[in-house]
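Undergrad: I have a structure I would like to understand better, so I am pasting it below and will then ask my questions one at a time.
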Amino acid sequence: MPHTASAGDDRAEFARAIRAALDTAAREGARRPTQAQIAAATALGQKRPTASRSAISAWQKGDRLPASWAALSSFLTALERTAALPRGRFDEDHWKQLYAKAKADSSPTPTSRMVALRVSEADPLELMVHRARTDDEGSAVPAYIPRDIDPPVREALRRAGERGGVVLLVGDSTAGKTRCAYEAMVAVLPDHLLILPRDVTELSEAVAMAVRASGKDEHCVLWLNDMERYLGPGSLALHDIRALRKAGTVILGTMRSRIRKDLPDDELLRLAEEFEVSRLWSPAELERAQAELRSGGDQRLRLALGQAADFGIAETLATGPQLWQELSHASVVGGNPRGAALVRAAIDLALAGLNEALPVDLITELHEDYLPGRNKQLIGPEPLEAALAWATNPREAVTRLLIPEDDGLRAFEYLLDAHLREKRPGPGLLPERVWEAALSTCSERHQHFSVAVAAHANTRLDVILRALTPLAEASDVEAMRALGLLTEGHDRKLAAQWLRRAIEAGDVLSLRLMGNHHFRGQDRIAANNWYRRAAEAGDEISQSYFNEPRPLPSPAPHPSAPPAPDLAAPEAEEDEYENYEDEGEDAYGPTPRTLRLLEEAFKTLADEAYDAIEIIGDARVDLGPNHVSVFSDLPVLTWGASTQWRRLMARCFDDLADDLTTDKWIWPTCTGEEMAVHLALTEASYMAKNEPELVAELVKGVPAEPNDYDWGLCMTVFLEDTDVLFLYEPWSQGIEDPDHSIGQFLGVANLGAEDWFQPFREEQTRDPERGFRR
């Protein structure tokens, strides 16, 4: 049976009162204190309980209550002191009553209708899998045709099911990403408990539910379809994600590609293992659909296969192209111009960031602007009631142009993507009345964030500021951070001011973002200082920056080595020059001693990698308590890799060591081998400097040469480029994504962890049957 959490009005009232108190302090006080300053003031000269910044944030969100009246009193006193308000500004009796009522209300979150059930019991339609035409047996869910992406998605879910993790499927509307996620979840995690929060306001209870379930040996899947609805202010913080991972919870989400592209940095997205679900099907996928049809299977595939050259199978089954065509031809005399105007208004409001069901009054108020022509009556628009009926009537019992939901209407999301294929985002994409309506309609924190992100996609700085500044001025740290991110392309000074305010309020992520800001401004010294502060505060990405492999400088020439010929000197002996020429490229390559030491470094790293795998398996690594030699030295995007991935990385060291055994040159054939070279050069350089006795034993009998242990020369001759090192740079996070603008500009490729072992060129493919040494 599903479990449902009920509403808690008194707790909600208490949370509003905390927010109002913070607003009062900001508005009336001589100073505007941050939450960090308020928290620090609770610990000054008192014997009362202290209140941490995270506790204050949780109180105002309604996530939890103060542990005691003394803790609340301490907070109110600190608020008066830090804002320089008159003593007693916050009436003690009034607050005691509020607190007592809230404590008596046992409901964990306000207005929550949280649902949890077994994955195997889940209805795909309830999880927002798109309907198709109903078949003869009454089913609106067509047969599932396996997608090419299924195996890696299911493997990622299997790993996450064992250790916890985040899996995200990205694609266009009706590409089939929700169905793919649902089928993978049912196949891999059927016995998990499925938690279905409605929106961002229920995430805190979802985390609590998953943690409680883990205490009863239950494992959960947190289902975040259209994950953008769960991001921004009030979303999962890093400590929430870690709590879910510790509880073994899988966070499984979907997101449309256009939204993923425009979102600012978010911890949940950074930690997600992402998969792209293509709208147009591959030849192999089409063949599987044909086979299903030939076997007498789902006949609904016939029409979809007939249009497969232009549309994806899933979008045709969901009647997306048909609905768009109908809308495009509706604004004519004798057609449905008013109905089309209602739909167009709903589309623009959604593109302005109002992602939830829209009030019917709001759509009807704006729709007249979308009727064609100056004289709206010349086209003969139908009555409003008929227009609404046309827009909300399901076509072929599948879906509608406007979908009724929660006492409102929502435009079928396929229409948004289709609209943006015809008109690109920009300042003039949406009418001013739409932006005004979006701003005036916002009532929840996450709605403000959604409108700001939509404004960012359309380069509207004025809307970004109007959407988020009220939250930031009320001490909302996440809003401060978002303002720092979203305003940088318009006003760098303003962006830095907002990031600094977030940092002053104790936001660790903003330390890294400030480093990125200075890096983009060509101030590397300042960027390095901010990254160091972020690393010291525990930010993994910034820690990885200081963990980047860097070979030590080459030592001075060995005293017993013969001098190198000066080929630039005019008095150089001709026969000496000719002898050097005869040696060809070998004369410019690393010396035998260098290669011997490098070979040993590869073997050492391979052994350490195999040893580590036996200890950690699939467990995530880091630079703290879960530090593991070799794998913690890799970029952060690999820290949650599988055992098999780590074995492939270990084999890279072995393959390159074998290359050196048979030939003095090594040619990395994939990103994993390039990374192995960087690590081996660092390892070898440390051996050369710090382990002279070991080195002497390794190179016994090998003549010394002037350029022994020239690691810079090794990088020049063994590596085509050093693109893989971008993965250590905080400013370039996401560069592994093929759609990343910087990555496209630089022409980088194969940086995603799943691509590390793909050969750069077909002729470089190593024997797939070579196996593993251990």
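Residue numbers start at 1 in each chain; chains themselves are named A, B, ... in the order of the structure tokens; ligands are numbered from 1 in the order shown.
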Need the shell around Gly171 of chain A: protein/DNA/RNA residues with any atom at most 7 Å away, counting only C-alpha atoms. Skip same-chain ones fewer than 3 positions apart. Format as an mmCIF file with C-alpha atoms, in the first residue's frame?
TA:
```cif
data_model
loop_
_atom_site.group_PDB
_atom_site.id
_atom_site.type_symbol
_atom_site.label_atom_id
_atom_site.label_comp_id
_atom_site.auth_asym_id
_atom_site.auth_seq_id
_atom_site.Cartn_x
_atom_site.Cartn_y
_atom_site.Cartn_z
ATOM 1 C CA ALA A 175 12.469 10.898 -26.712
ATOM 2 C CA LYS A 177 13.808 8.850 -21.463
ATOM 3 C CA MET A 255 15.553 16.061 -17.823
ATOM 4 C CA ARG A 256 14.960 17.668 -21.185
ATOM 5 C CA SER A 257 18.126 18.514 -23.102
ATOM 6 C CA GLU A 276 21.643 10.821 -23.475
ATOM 7 C CA VAL A 277 18.454 9.295 -24.911
ATOM 8 C CA SER A 278 18.251 10.169 -28.581
ATOM 9 C CA ARG A 279 14.971 11.380 -30.070
#
```
Undergrad: List the spatial neighbours of Ala537 of chain A as a VMD selection string - criterion: any atom at most 9 Å away, only C-alpha atoms, same-chain residues fewer than 5 positions off excluded.
TA: chain A and resid 508 511 532
Undergrad: Taking 3 positions as the minimum chain separation for residues in the same chain, which residues sit within 8 Å of Ala78 of chain A when counting only C-alpha atoms? Answer as number ranges by chain.
TA: A: 38-39, 41-42, 74-75, 81-82
Undergrad: Can you pull out the residues contacting Asp721 of chain A? Cut-off 12 Å, using only C-alpha atoms, and skip same-chain residues under 6 positions away; I want them as a PDB file with N, CA and C atoms, in the first residue's frame.
TA:
```
ATOM      1  N   TRP A 667      52.690   4.754 -27.288  1.00  0.00           N
ATOM      2  CA  TRP A 667      51.688   5.548 -27.982  1.00  0.00           C
ATOM      3  C   TRP A 667      50.343   5.304 -27.300  1.00  0.00           C
ATOM      4  N   PRO A 668      49.928   6.181 -26.392  1.00  0.00           N
ATOM      5  CA  PRO A 668      48.628   5.987 -25.737  1.00  0.00           C
ATOM      6  C   PRO A 668      47.511   5.891 -26.768  1.00  0.00           C
ATOM      7  N   CYS A 670      44.135   5.597 -25.926  1.00  0.00           N
ATOM      8  CA  CYS A 670      42.828   6.031 -25.421  1.00  0.00           C
ATOM      9  C   CYS A 670      43.059   7.003 -24.269  1.00  0.00           C
ATOM     10  N   THR A 671      41.995   7.612 -23.802  1.00  0.00           N
ATOM     11  CA  THR A 671      42.100   8.594 -22.713  1.00  0.00           C
ATOM     12  C   THR A 671      42.644   7.943 -21.441  1.00  0.00           C
ATOM     13  N   GLU A 674      46.307   7.821 -21.726  1.00  0.00           N
ATOM     14  CA  GLU A 674      46.897   9.155 -21.581  1.00  0.00           C
ATOM     15  C   GLU A 674      46.985   9.538 -20.100  1.00  0.00           C
ATOM     16  N   MET A 675      45.904   9.244 -19.355  1.00  0.00           N
ATOM     17  CA  MET A 675      45.919   9.544 -17.930  1.00  0.00           C
ATOM     18  C   MET A 675      46.995   8.706 -17.235  1.00  0.00           C
ATOM     19  N   VAL A 677      49.801   7.772 -18.445  1.00  0.00           N
ATOM     20  CA  VAL A 677      51.108   8.384 -18.713  1.00  0.00           C
ATOM     21  C   VAL A 677      51.361   9.530 -17.737  1.00  0.00           C
ATOM     22  N   HIS A 678      50.358  10.385 -17.533  1.00  0.00           N
ATOM     23  CA  HIS A 678      50.532  11.507 -16.600  1.00  0.00           C
ATOM     24  C   HIS A 678      50.856  11.007 -15.195  1.00  0.00           C
ATOM     25  N   MET A 715      56.616  14.039 -22.007  1.00  0.00           N
ATOM     26  CA  MET A 715      55.273  14.518 -22.312  1.00  0.00           C
ATOM     27  C   MET A 715      55.174  14.960 -23.765  1.00  0.00           C
ATOM     28  N   LEU A 746      37.582  23.973 -27.879  1.00  0.00           N
ATOM     29  CA  LEU A 746      38.929  23.398 -27.810  1.00  0.00           C
ATOM     30  C   LEU A 746      39.048  22.099 -28.596  1.00  0.00           C
ATOM     31  N   GLY A 747      37.922  21.525 -28.990  1.00  0.00           N
ATOM     32  CA  GLY A 747      37.964  20.285 -29.768  1.00  0.00           C
ATOM     33  C   GLY A 747      38.320  19.064 -28.948  1.00  0.00           C
ATOM     34  N   VAL A 748      37.978  19.064 -27.652  1.00  0.00           N
ATOM     35  CA  VAL A 748      38.306  17.908 -26.812  1.00  0.00           C
ATOM     36  C   VAL A 748      37.278  16.807 -27.049  1.00  0.00           C
ATOM     37  N   ALA A 749      37.687  15.583 -26.798  1.00  0.00           N
ATOM     38  CA  ALA A 749      36.797  14.435 -26.998  1.00  0.00           C
ATOM     39  C   ALA A 749      37.230  13.301 -26.079  1.00  0.00           C
TER      40      ALA A 749
END
```
Undergrad: Mind listing the strand (DSSP E) residues of segment 188-238 of chain A, per DSSP on the backbone, as a PyMOL selection string?
TA: chain A and resi 193-196+220-224
Undergrad: For a test of reading the model, state the distance in Å between atom CA of Arg288 of chain A and atom CA of Tyr182 of chain A, rounded to one decimal.
TA: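 Interatomic distance, atom CA of Arg288 of chain A to atom CA of Tyr182 of chain A: 19.1 Å.
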Undergrad: Tell me, as a PyMOL selection string, which residues lie within 7 Å of segment 595-611 of chain A, counting only C-alpha atoms; anything in the same chain fewer than 4 positions away does not count.
TA: chain A and resi 590-591+615+629-630+650-651+653-654+656-657+660+664+680-681+683-684+699
Undergrad: Leaving out segment 686-690 of chain A and any residue of its chain fewer than 3 positions from it, which residues lie within 8 Å of it when counting only C-alpha atoms, given as number ranges by chain?
TA: A: 551-552, 555, 597, 682-683, 694-695, 709
Undergrad: May I have a table of the residues of segment 155-223 of chain A lying at most 12 Å from segment 631-642 of chain A, giving each one's closest pair of atoms and their distance in Å to one decimal, counting only C-alpha atoms, ordered by chain and ascending residue number, as CSV?
TA:
```
residue,atom,partner,partner_atom,distance
A:Glu155,CA,A:Ser642,CA,9.2
A:Ala156,CA,A:Ser642,CA,8.5
A:Leu157,CA,A:Ser642,CA,11.3
A:Arg158,CA,A:Ser642,CA,10.1
A:Arg159,CA,A:Ser642,CA,7.1
A:Ala160,CA,A:Gly640,CA,9.4
A:Glu162,CA,A:Ser642,CA,10.9
A:Arg163,CA,A:Gly640,CA,9.4
A:Gly164,CA,A:Gly640,CA,10.0
A:Gly165,CA,A:Gly640,CA,8.4
A:Val166,CA,A:Gly640,CA,10.2
A:Val167,CA,A:Gly640,CA,11.7
```
Undergrad: Taking only C-alpha atoms into account, name the residue in A:Val453, A:Ala58, A:Ala389, A:Ile313 that is nearest to Thr174 of chain A.
TA: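 Result for the nearest residue to Thr174 of chain A: A:Ile313.
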Undergrad: Could you jot down the atom CA of Ser68 of chain A to atom CA of Asp10 of chain A separation for me, Å, one decimal place?
TA: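 These atoms are spaced 16.4 Å apart.
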Undergrad: From a DSSP calculation on the backbone, collect every residue of segment 431-495 of chain A in alpha helix (DSSP H) and output the set as a ChimeraX atom specification.
TA: /A:432-441,445-457,461-473,477-486,492-495
